[in-house]
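Colleague: Handing over entry-v1.pdb, PDB, C-alpha atoms.
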ATOM      1  CA  MET A   1      19.125  49.907  10.915
ATOM      2  CA  SER A   2      20.637  47.212   8.702
ATOM      3  CA  SER A   3      20.198  43.454   9.114
ATOM      4  CA  LEU A   4      21.738  40.291   7.715
ATOM      5  CA  VAL A   5      19.627  37.122   7.786
ATOM      6  CA  VAL A   6      21.790  33.983   7.569
ATOM      7  CA  VAL A   7      20.095  30.627   6.997
ATOM      8  CA  SER A   8      21.746  27.212   7.246
ATOM      9  CA  HIS A   9      19.677  24.422   5.695
ATOM     10  CA  ALA A  10      20.118  22.463   2.470
ATOM     11  CA  ASP A  11      16.387  22.345   1.626
ATOM     12  CA  ARG A  12      14.931  25.620   0.390
ATOM     13  CA  THR A  13      11.409  24.318   1.063
ATOM     14  CA  SER A  14      12.179  23.597   4.728
ATOM     15  CA  LEU A  15      10.529  25.306   7.673
ATOM     16  CA  THR A  16      13.928  26.782   8.496
ATOM     17  CA  HIS A  17      14.047  28.517   5.120
ATOM     18  CA  ASN A  18      10.456  29.656   5.518
ATOM     19  CA  ALA A  19      11.344  31.200   8.872
ATOM     20  CA  ALA A  20      14.368  32.951   7.389
ATOM     21  CA  ARG A  21      12.456  34.262   4.399
ATOM     22  CA  ALA A  22       9.528  35.409   6.565
ATOM     23  CA  THR A  23      11.974  37.320   8.750
ATOM     24  CA  PHE A  24      13.658  38.904   5.737
ATOM     25  CA  ASP A  25      10.304  39.917   4.254
ATOM     26  CA  ALA A  26       9.039  41.356   7.548
ATOM     27  CA  ILE A  27      12.154  43.476   8.052
ATOM     28  CA  GLU A  28      11.990  44.703   4.467
ATOM     29  CA  ALA A  29       8.275  45.511   4.810
ATOM     30  CA  ALA A  30       9.025  47.470   7.982
ATOM     31  CA  GLY A  31      11.461  49.645   6.058
ATOM     32  CA  GLY A  32      14.657  48.021   7.272
ATOM     33  CA  ASP A  33      17.757  47.544   5.139
ATOM     34  CA  VAL A  34      18.249  43.780   4.982
ATOM     35  CA  GLU A  35      20.439  41.223   3.192
ATOM     36  CA  PHE A  36      19.886  37.476   2.873
ATOM     37  CA  ALA A  37      22.640  34.829   3.041
ATOM     38  CA  ASP A  38      21.850  31.210   2.142
ATOM     39  CA  LEU A  39      25.045  29.397   3.118
ATOM     40  CA  ALA A  40      24.125  26.097   1.448
ATOM     41  CA  ALA A  41      23.025  27.643  -1.850
ATOM     42  CA  GLU A  42      26.055  29.913  -1.933
ATOM     43  CA  GLY A  43      28.377  26.953  -1.441
ATOM     44  CA  PHE A  44      30.287  28.312   1.535
ATOM     45  CA  ASP A  45      33.014  25.834   2.528
ATOM     46  CA  PRO A  46      32.824  25.293   6.309
ATOM     47  CA  ARG A  47      35.977  23.157   6.535
ATOM     48  CA  PHE A  48      38.637  24.578   8.837
ATOM     49  CA  THR A  49      41.765  23.872   6.826
ATOM     50  CA  GLY A  50      45.493  24.256   7.379
ATOM     51  CA  ALA A  51      45.243  27.756   5.921
ATOM     52  CA  ASP A  52      42.661  28.675   8.559
ATOM     53  CA  LEU A  53      44.888  27.229  11.260
ATOM     54  CA  ASP A  54      47.842  29.261   9.951
ATOM     55  CA  LEU A  55      45.682  32.374  10.148
ATOM     56  CA  TYR A  56      44.781  31.532  13.750
ATOM     57  CA  ARG A  57      48.506  31.256  14.476
ATOM     58  CA  GLY A  58      49.136  34.689  12.993
ATOM     59  CA  LYS A  59      50.452  33.601   9.599
ATOM     60  CA  GLY A  60      49.029  34.052   6.121
ATOM     61  CA  ARG A  61      46.192  36.175   4.819
ATOM     62  CA  VAL A  62      42.467  36.057   5.437
ATOM     63  CA  PRO A  63      40.917  34.077   2.524
ATOM     64  CA  ALA A  64      38.873  36.130   0.084
ATOM     65  CA  GLU A  65      35.675  34.200   0.828
ATOM     66  CA  VAL A  66      36.096  34.924   4.545
ATOM     67  CA  VAL A  67      36.717  38.618   3.900
ATOM     68  CA  ALA A  68      33.520  38.721   1.839
ATOM     69  CA  GLU A  69      31.519  37.269   4.735
ATOM     70  CA  GLN A  70      33.085  39.671   7.231
ATOM     71  CA  GLU A  71      32.255  42.611   4.979
ATOM     72  CA  ARG A  72      28.673  41.412   4.725
ATOM     73  CA  ILE A  73      28.423  41.281   8.517
ATOM     74  CA  ASP A  74      30.143  44.661   8.839
ATOM     75  CA  ARG A  75      27.299  46.220   6.841
ATOM     76  CA  ALA A  76      24.762  45.007   9.425
ATOM     77  CA  ASP A  77      23.661  46.260  12.827
ATOM     78  CA  HIS A  78      21.699  43.042  13.417
ATOM     79  CA  LEU A  79      22.777  39.505  12.517
ATOM     80  CA  ILE A  80      19.927  36.959  12.485
ATOM     81  CA  LEU A  81      20.974  33.301  12.434
ATOM     82  CA  VAL A  82      18.238  30.871  11.391
ATOM     83  CA  PHE A  83      18.986  27.165  11.721
ATOM     84  CA  PRO A  84      17.598  23.769  12.768
ATOM     85  CA  MET A  85      18.633  22.224  16.056
ATOM     86  CA  TYR A  86      21.141  19.434  15.393
ATOM     87  CA  TRP A  87      22.495  17.529  18.406
ATOM     88  CA  TRP A  88      21.658  20.366  20.795
ATOM     89  CA  SER A  89      23.505  22.883  18.667
ATOM     90  CA  MET A  90      23.736  24.348  15.156
ATOM     91  CA  PRO A  91      24.436  22.486  11.887
ATOM     92  CA  ALA A  92      28.054  21.925  10.873
ATOM     93  CA  LEU A  93      27.693  24.366   7.978
ATOM     94  CA  LEU A  94      26.804  27.257  10.264
ATOM     95  CA  LYS A  95      29.358  26.261  12.900
ATOM     96  CA  GLY A  96      32.054  26.093  10.205
ATOM     97  CA  TRP A  97      30.974  29.514   8.939
ATOM     98  CA  ILE A  98      31.482  30.910  12.430
ATOM     99  CA  ASP A  99      34.774  29.012  12.888
ATOM    100  CA  ARG A 100      36.203  30.484   9.675
ATOM    101  CA  VAL A 101      34.650  33.967   9.689
ATOM    102  CA  PHE A 102      34.725  34.984  13.373
ATOM    103  CA  VAL A 103      38.522  35.099  13.538
ATOM    104  CA  GLY A 104      40.993  36.906  15.739
ATOM    105  CA  GLY A 105      41.709  40.456  14.676
ATOM    106  CA  TRP A 106      38.140  40.873  13.440
ATOM    107  CA  ALA A 107      35.781  39.225  15.963
ATOM    108  CA  TYR A 108      38.087  39.419  18.969
ATOM    109  CA  ASP A 109      41.540  40.630  19.962
ATOM    110  CA  ALA A 110      43.546  38.200  22.069
ATOM    111  CA  THR A 111      46.692  40.330  21.962
ATOM    112  CA  PRO A 112      48.187  40.576  25.476
ATOM    113  CA  GLY A 113      47.479  44.001  26.899
ATOM    114  CA  SER A 114      44.705  44.830  24.423
ATOM    115  CA  THR A 115      42.051  47.143  25.866
ATOM    116  CA  GLN A 116      39.115  45.322  24.258
ATOM    117  CA  PHE A 117      38.744  41.576  23.728
ATOM    118  CA  GLY A 118      35.398  41.259  21.918
ATOM    119  CA  MET A 119      35.423  43.407  18.789
ATOM    120  CA  LEU A 120      31.833  42.974  17.575
ATOM    121  CA  ASP A 121      30.254  45.341  20.094
ATOM    122  CA  ARG A 122      28.540  47.187  17.235
ATOM    123  CA  LEU A 123      26.509  44.052  16.422
ATOM    124  CA  THR A 124      23.311  42.569  17.880
ATOM    125  CA  ILE A 125      22.773  38.856  17.195
ATOM    126  CA  HIS A 126      19.407  37.076  17.122
ATOM    127  CA  LEU A 127      18.874  33.303  16.994
ATOM    128  CA  ILE A 128      15.890  31.552  15.403
ATOM    129  CA  ILE A 129      16.113  27.835  16.156
ATOM    130  CA  VAL A 130      13.817  25.297  14.509
ATOM    131  CA  ALA A 131      13.251  22.193  16.640
ATOM    132  CA  GLY A 132      11.484  18.910  16.036
ATOM    133  CA  ASP A 133      10.691  18.333  19.708
ATOM    134  CA  ASP A 134       8.343  20.258  21.997
ATOM    135  CA  ALA A 135       9.108  22.952  24.558
ATOM    136  CA  ALA A 136       8.544  20.663  27.548
ATOM    137  CA  SER A 137      11.145  18.200  26.292
ATOM    138  CA  PHE A 138      13.637  21.001  25.709
ATOM    139  CA  GLU A 139      13.173  22.294  29.241
ATOM    140  CA  ARG A 140      13.377  18.791  30.714
ATOM    141  CA  HIS A 141      16.707  18.175  28.996
ATOM    142  CA  GLU A 142      17.946  21.728  29.720
ATOM    143  CA  ILE A 143      18.620  22.417  26.057
ATOM    144  CA  PRO A 144      17.932  26.181  26.373
ATOM    145  CA  GLN A 145      20.662  26.299  29.022
ATOM    146  CA  THR A 146      22.996  24.548  26.590
ATOM    147  CA  VAL A 147      22.221  27.161  23.938
ATOM    148  CA  ARG A 148      22.810  29.966  26.429
ATOM    149  CA  THR A 149      26.205  28.491  27.322
ATOM    150  CA  GLN A 150      27.456  27.360  23.913
ATOM    151  CA  ILE A 151      26.055  30.033  21.632
ATOM    152  CA  GLU A 152      24.761  33.071  23.510
ATOM    153  CA  ARG A 153      27.760  33.201  25.848
ATOM    154  CA  GLY A 154      30.368  31.139  23.996
ATOM    155  CA  ILE A 155      29.991  32.921  20.659
ATOM    156  CA  VAL A 156      27.843  36.058  20.898
ATOM    157  CA  LYS A 157      29.144  37.526  24.153
ATOM    158  CA  TYR A 158      32.660  36.166  23.636
ATOM    159  CA  CYS A 159      32.940  38.387  20.572
ATOM    160  CA  GLY A 160      31.510  41.389  22.397
ATOM    161  CA  ALA A 161      28.218  41.382  20.483
ATOM    162  CA  THR A 162      24.840  41.980  22.105
ATOM    163  CA  HIS A 163      22.435  39.070  22.408
ATOM    164  CA  GLY A 164      19.179  40.394  20.986
ATOM    165  CA  SER A 165      16.858  37.386  21.148
ATOM    166  CA  THR A 166      16.571  33.620  20.966
ATOM    167  CA  THR A 167      13.345  32.199  19.545
ATOM    168  CA  TYR A 168      12.464  28.511  19.236
ATOM    169  CA  VAL A 169      10.042  27.107  16.671
ATOM    170  CA  TYR A 170       8.988  23.843  18.319
ATOM    171  CA  GLU A 171       7.357  20.696  16.892
ATOM    172  CA  SER A 172       8.462  21.534  13.366
ATOM    173  CA  ASP A 173       7.636  18.027  12.063
ATOM    174  CA  THR A 174       4.334  17.446  13.832
ATOM    175  CA  LYS A 175       2.539  20.737  14.469
ATOM    176  CA  ASP A 176      -0.297  21.816  12.177
ATOM    177  CA  ARG A 177       1.097  23.714   9.179
ATOM    178  CA  ASP A 178      -1.332  26.609   9.613
ATOM    179  CA  LEU A 179      -0.299  26.987  13.240
ATOM    180  CA  LEU A 180       3.358  26.961  12.240
ATOM    181  CA  ALA A 181       2.713  29.572   9.547
ATOM    182  CA  ALA A 182       1.027  31.827  12.101
ATOM    183  CA  GLU A 183       3.907  31.296  14.494
ATOM    184  CA  LEU A 184       6.460  32.239  11.833
ATOM    185  CA  HIS A 185       4.487  35.365  11.007
ATOM    186  CA  GLU A 186       4.417  36.416  14.657
ATOM    187  CA  LEU A 187       8.118  35.816  15.300
ATOM    188  CA  SER A 188       9.153  37.562  12.069
ATOM    189  CA  GLU A 189       7.101  40.621  13.012
ATOM    190  CA  LYS A 190       8.736  40.709  16.444
ATOM    191  CA  ILE A 191      12.203  40.477  14.924
ATOM    192  CA  ALA A 192      11.308  43.236  12.455
ATOM    193  CA  ASP A 193      10.133  45.454  15.316
ATOM    194  CA  ARG A 194      13.524  45.054  16.952
ATOM    195  CA  THR A 195      15.713  45.454  13.886
ATOM    196  CA  ALA A 196      14.042  47.871  11.478
ATOM    197  CA  SER A 197      14.307  50.977  13.674
ATOM    198  CA  ARG A 198      16.901  52.591  15.901
ATOM    199  CA  SER A 199      14.797  51.755  18.945
ATOM    200  CA  ALA A 200      15.427  48.048  18.377
ATOM    201  CA  ALA A 201      16.130  46.317  21.684
ATOM    202  CA  GLY A 202      14.959  43.568  23.985
ATOM    203  CA  VAL A 203      14.629  39.821  24.056
ATOM    204  CA  LEU A 204      11.813  37.804  22.541
ATOM    205  CA  ALA A 205       9.723  35.713  24.874
TER
END
Would you mind giving the structure from this file in structure tokens?
Modeller:
Amino acid sequence: MSSLVVVSHADRTSLTHNAARATFDAIEAAGGDVEFADLAAEGFDPRFTGADLDLYRGKGRVPAEVVAEQERIDRADHLILVFPMYWWSMPALLKGWIDRVFVGGWAYDATPGSTQFGMLDRLTIHLIIVAGDDAASFERHEIPQTVRTQIERGIVKYCGATHGSTTYVYESDTKDRDLLAAELHELSEKIADRTASRSAAGVLA
């Protein structure tokens, strides 16, 4: 099985990057074929411009940088998105990446009478979300429900992909660093178990 780990964070020393790199390393160590995409370092432009709007309206060509991202995803069976929680959702860089890359004709087919709407049924998507707050606060404010609605249903299932797992790394600013390191190791091993072999399936606790 092949995986693509996509990280969205400007600081390469951040816990988010550590989680992404740990996941990449665990998949590679398990014998999986894996690529790594650092959207900030690569300079991906998340701005949805007039050219993107023209494409949405059925005019113009898909920009070369968007085609390159689609081809990278097309090589993967598993897409792993690693990002910090910003305002109950993902950072603008990652959201812009999805806005520009997950376009009609590739991620979905809205043509009247089409037999299949979501076109990414070959893909399983995993979410690793780094949060500053604790689990109790997230549950109290129903943030996991927001993620299920906005991302798991509104993006993953909308495009026909399979939701593989959603894992939260809580208390990223306050928890003991050794505890966080152990937590990252455990979650990366679980992701590797689900992505590095053809038996990959299930949802992380």
Colleague: Give me, as a ChimeraX atom specification, all polymer residues having an atom no more than 7 Å from segment 23-38 of chain A, counting only C-alpha atoms and skipping those fewer than 3 positions away in the same chain.
Modeller: /A:1-8,19-20,41-42,188-189,191-192,196
Colleague: Take atom CA of Pro91 of chain A and atom CA of Ile125 of chain A and report the distance between them in Å, one decimal.
Modeller: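 Interatomic distance, atom CA of Pro91 of chain A to atom CA of Ile125 of chain A: 17.3 Å.
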Colleague: Need to verify the contact set: segment 55-63 of chain A, 12 Å, only C-alpha atoms, exclusion of same-chain residues closer than 5 positions in sequence. Can you return it as JSON, numbers by chain?
Modeller: {"A": [45, 48, 49, 50, 68, 69, 70, 99, 100, 101, 102, 103, 104, 105, 106, 108, 109, 110, 111]}
Colleague: May I ask for the distance between atom CA of Thr115 of chain A and atom CA of Ile155 of chain A, given in Å to one decimal place?
Modeller: 19.4 Å
Colleague: Using the chain letters and numbering of this document, enumerate as a list in words the residues selected by the PyMOL selection byres ((chain A and resi 168) around 7).
Modeller: Ile128, Ile129, Val130, Ala131, Thr166, Thr167, Val169 and Tyr170 of chain A
Colleague: Excluding Asp121 of chain A and any residue of its chain fewer than 4 positions from it, enumerate the residues within 8 Å of it, using only C-alpha atoms, and give them as a ChimeraX atom specification.
Modeller: /A:159-162
Colleague: Do you know which residues the PyMOL selection byres ((chain A and resi 16-18) around 7) returns on this file, as a PyMOL selection string?
Modeller: chain A and resi 7+9+12-15+19-22+82-84+130
Colleague: Keeping only C-alpha atoms, write the selected residues as a compact mmCIF listing (two decimals), in the coordinates of the input.
Modeller:
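File written: result_30.txt
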# COMPACT_ATOMS: atom_id res chain seq x y z
CA VAL A 7 20.10 30.63 7.00
CA HIS A 9 19.68 24.42 5.70
CA ARG A 12 14.93 25.62 0.39
CA THR A 13 11.41 24.32 1.06
CA SER A 14 12.18 23.60 4.73
CA LEU A 15 10.53 25.31 7.67
CA ALA A 19 11.34 31.20 8.87
CA ALA A 20 14.37 32.95 7.39
CA ARG A 21 12.46 34.26 4.40
CA ALA A 22 9.53 35.41 6.56
CA VAL A 82 18.24 30.87 11.39
CA PHE A 83 18.99 27.16 11.72
CA PRO A 84 17.60 23.77 12.77
CA VAL A 130 13.82 25.30 14.51
Colleague: Determine the residue membership of the PyMOL selection byres ((chain A and resi 94) around 8) for the file above and supply it as a list in words.
Modeller: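 Checked against the file, the PyMOL selection byres ((chain A and resi 94) around 8) matches Ser8, Leu39, Pro46, Phe83, Met90, Pro91, Ala92, Leu93, Lys95, Gly96, Trp97 and Ile98 of chain A.
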